[in-house]
Every structure is written in structure tokens, then in C-alpha cells.
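Novice: Once you've had a glance at the structure underneath, I'll fire off some questions.
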Amino acid sequence: MPYPEIRPRRLRRTAAVRRLVSETRVDPAELVVPMFVKEGLTEPRQIASMPGVLQHSRDSLRKAAAEAVQAGVGGIMLFGVPASRDERGSGGVDPAGILNVAIRDVVAEVGDATVVMSDLCLDEFTSHGHCGLLTGDGVVDNDATLSAYAEMAVAQADAGVGMVGASGMMDGQVGVVRRALDAAGHTDVAVLAYAAKYASAFYGPFRDAVESALDGDRRTYQQDPANLRESLREVALDVAEGADLVMVKPALPYLDVVAAVRAAVDVPVAAYQVSGEYAMVEAAAANGWIDRERVMLETLTSIRRAGAQIILTYWAVEAATLLDRRY
């Protein structure tokens with residue numbers, strides 16, 4: 001039919017029409033908010049490189065968890081910042097360690113009103129900052145690390161977590177964690193596999209948040225940013241080992257990976273909008289260069305459009321209150 005009979009703008013005329021025909025929606029229930037709790041704090045502490053994000057005390061964490069539930073956020077991912085570290089990351093498996101204590105606190109506060117998740121990795125707890133145990137010559141020992149992950153998973157499940165986030169990128173980690181949980185009677189605890197986690201430069205502010213002791217990099221176990229097919233292999237292995245969900249991390253620089261993973265699997269797909277993605281938007285907005293709220297929602301929509309059913313984002317609670325204004 002010739003112009004001007006075809007007018008696509010008719011479907012953009014009002015907010016009501018745009019809302020009616022919208023192809024992609026982000027729901028608060030699909031958002032997960034990462035939260036940091038630091039051992040020994042009596043008051044929450046701002047993270048300088050992540051404006052608006054806090055290292056929580058135990059008390060402020062409980063309050064923030066309740067606020068997230070009230071906003072309708074679908075999940076809370078907990079990260080612990082211990083007062084001391086050792087080479088084996090012992091604080092991660094200690095029932096009295098800050099992460100396991102925080103899990104119990106949050107579960108007691110919110111119960112089943114949201115999904116309480118926990119980071120299953122040693123990097124926050126090791127004195128060297130790596131995600132695994134080291135050999136004598138400083139190489140991450142994959143199989144020794146798996147044993148530590150198994151113990152850590154059971155400790156988190158004993159604390160009451162509903163889902164463990166296997167984030168260390170060790171070969172075989174999902175299978176080992178699944179078997180350990182099942183053997184300990186925690187068959188209902190789900191495993192979120194960080195299946196495609198890249199050795200990204202976007203993690204810098206996060207390392208401030210957890211006060212990482214890392215010297216060097218993680219390129220021998222996290223993925224090369226140049227590779228996509230490798231992600232599909234990693235995802236397939238994790239699903240075969242029993243992953244209940246799989247995740248791509250970071251999100252925005254890897255939307256092609258998100259889309260490819262979504263097309264390849266029939267389990268839920270998540271994406272983590274990481275600290276560097278968050279900090280860039282906050283910095284640009286602080287300088288008046290962009291509209292902060294619109295960019296926030298646009299980035300979340302793009303991740304959802306690429307195929308991520310679940311989005312981990314530091315904006316989760318705020319975004320949940322803004323989504324109806326997107327049109």
C-alpha cells in the first residue's frame with residue numbers, strides 16, 4: 001500500500017498505545033538486587049565508585065531486604081565482606097562467617113517473600129583475591145577448589161539460602177555443588193550457574209565493594225571477551241551438570257551472548273548488569289550528560305529484549321518503582 005496509508009506512528013501516538021503494543025516488558029519480579037554486607041560495621045557505608053550502593057551492616061541489610069521485598073523485587077543476591085581473610089577463604093565455609101550469618105538474617109527478615117541468593121565463590125574470602133585455592137606456584141587449582149565450593153554450598157544451604165550463585169568459573173563446579181547439596185539433603189536449593197562469565201574490565205567498582213585483595217587477573221578461568229561459541233559450550237556443560245538457571249556476565253557488552261544463550265537452552269537465562277555498567281551511567285548522569293532514569297530503564301529493557309528473563313542490577317529497587325513511567 002503506497003504512502004501515506006501506512007503510518008507506523010499511529011502506534012506511538014500516546015502512552016496508552018505504546019504500552020499496549022510494547023514488545024518487551026521488564027517486571028520488578030524479574031530483577032535481582034545485589035547487596036553487600038561487611039563484617040563489623042555498625043552503620044552502612046557508601047561505596048565511592050558505586051554512588052548509591054552501600055556496604056551494609058547486619059541491621060541495615062535486614063532493612064534494605066525488607067524494602068526490596070516491598071518494591072516487588074524478585075531476588076536478593078548476597079555478598080559478604082569479611083574482617084579477615086586467609087589463603088583458603090575459610091570465612092566462606094564458616095557457619096559464623098559474615099555471608100552465612102547474613103543469609104540467616106535476611107531469611108529471618110523476609111522469609112519466602114523473595115528469593116534469597118548467595119554468591120558461591122571464594123574471592124571475597126581469600127587473602128590473594130582469587131576465586132579458588134592456589135597451588136604452591138600460584139596457579140588456581142581447579143579440583144581442590146571444587147571441594148571448597150561443595151563445602152561452601154552446604155554451609156549456605158544450612159543457613160537457609162534458596163539459590164546459590166556458582167560464580168567461580170571452575171570446570172565441573174555445577175555438578176560438584178549439585179551433588180553436595182543433594183547429599184546434604186538440600187535437594188530444593190537451586191543452582192544459578194554463572195555459565196558465561198567473562199574476564200571483563202567492567203568489574204572494577206565491584207572489587208572496591210568487596211575490598212578485593214586480587215593481585216593480577218582471572219584470565220585463566222574467566223572467559224576471553226572475544227569468544228561467543230565458547231560460552232555456548234560452557235552453558236551446555238552447566239545445564240548437563242544440573243544448573244537450574246544460567247547467567248551471562250557482564251550484560252550490556254555481551255547482549256549477543258545473552259541472545260545466543262537464550263536460543264540454545266530451555267532453562268531460565270539471567271544477565272548481570274555489573275558494577276562498571278552501573279558506575280558509567282551514574283558518572284555520566286552526575287555530569288548532566290544523560291537522563292539518568294531513562295538510561296537506567298533503557299539498559300534494563302535492552303537486556304530483557306536480548307533474552308534475559310532475570311536481570312541482576314544495582315538499580316533493581318529503584319527501577320521497580322519507575323517501570324510504569326517508561327512510556
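Each chain in the C-alpha cells gets a letter, A, B, ..., in the order shown, and its residues are numbered from 1; ligands are numbered from 1 in order too.
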Give me, as a ChimeraX atom specification, all polymer residues having an atom no more than 12 Å from Ile47 in chain A, counting only C-alpha atoms and skipping those fewer than 2 positions away in the same chain.

Specialist: /A:35-38,44-45,49-56,204-211,275,279

Novice: Could you write out the selected residues, including C-alpha atoms, as a PDB file, in the first residue's frame?

Specialist:
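Result file is result.pdb:
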ATOM      1  CA  MET A  35      23.704  -6.451  48.329  1.00  0.00           C
ATOM      2  CA  PHE A  36      26.981  -6.281  50.229  1.00  0.00           C
ATOM      3  CA  VAL A  37      27.311  -6.852  53.963  1.00  0.00           C
ATOM      4  CA  LYS A  38      30.559  -6.047  55.752  1.00  0.00           C
ATOM      5  CA  PRO A  44      26.063   1.317  56.345  1.00  0.00           C
ATOM      6  CA  ARG A  45      28.961   2.717  54.321  1.00  0.00           C
ATOM      7  CA  SER A  49      32.917   4.051  42.984  1.00  0.00           C
ATOM      8  CA  MET A  50      29.246   2.964  43.048  1.00  0.00           C
ATOM      9  CA  PRO A  51      27.173   6.008  44.066  1.00  0.00           C
ATOM     10  CA  GLY A  52      24.036   4.968  45.903  1.00  0.00           C
ATOM     11  CA  VAL A  53      25.280   1.431  46.677  1.00  0.00           C
ATOM     12  CA  LEU A  54      26.226   0.524  50.247  1.00  0.00           C
ATOM     13  CA  GLN A  55      28.287  -1.860  52.255  1.00  0.00           C
ATOM     14  CA  HIS A  56      25.650  -2.821  54.778  1.00  0.00           C
ATOM     15  CA  GLY A 204      36.431  -2.633  38.900  1.00  0.00           C
ATOM     16  CA  PRO A 205      33.906  -0.956  41.212  1.00  0.00           C
ATOM     17  CA  PHE A 206      32.702  -4.352  42.471  1.00  0.00           C
ATOM     18  CA  ARG A 207      36.203  -5.089  43.671  1.00  0.00           C
ATOM     19  CA  ASP A 208      36.032  -1.896  45.702  1.00  0.00           C
ATOM     20  CA  ALA A 209      32.710  -3.055  47.130  1.00  0.00           C
ATOM     21  CA  VAL A 210      34.115  -6.360  48.378  1.00  0.00           C
ATOM     22  CA  GLU A 211      37.550  -4.869  49.157  1.00  0.00           C
ATOM     23  CA  SER A 275      29.296  -2.553  38.644  1.00  0.00           C
ATOM     24  CA  ALA A 279      29.054   3.299  37.535  1.00  0.00           C
TER      25      ALA A 279
END

Novice: Determine which residues of range 82-227 of chain A receive a DSSP assignment of alpha helix (DSSP H), computed from the backbone, and state them as an MDAnalysis selection string.

Specialist: chainID A and resid 98:110 142:159 173:183 204:209

Novice: When you draw a straight line from CA of Leu122 in chain A to CA of Ala243 in chain A, how long is it in Å?

Specialist: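 Going from CA of Leu122 in chain A over to CA of Ala243 in chain A, I get 19.4 Å.
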
Novice: Hey, could you make a per-residue contact list for range 238-322 of chain A against range 157-167 of chain A with 10 Å as the cut-off, showing the nearest pair of atoms and its distance in Å to one decimal, counting only C-alpha atoms, sorted by chain and number, as a Markdown table?

Specialist:
| residue | atom | partner | partner_atom | distance |
| --- | --- | --- | --- | --- |
| A:Ala243 | CA | A:Ala166 | CA | 9.3 |
| A:Asp244 | CA | A:Met163 | CA | 9.4 |
| A:Leu245 | CA | A:Gly165 | CA | 9.5 |
| A:Val246 | CA | A:Gly165 | CA | 9.4 |
| A:Met247 | CA | A:Ser167 | CA | 9.3 |
| A:Lys249 | CA | A:Ser167 | CA | 9.6 |

Novice: So which bits of range 28-168 of chain A end up strand (DSSP E or B) when you DSSP the backbone, as a PyMOL selection string?

Specialist: chain A and resi 31-38+45-46+54-56+75-81+86+115-120+126+134+140+163-166
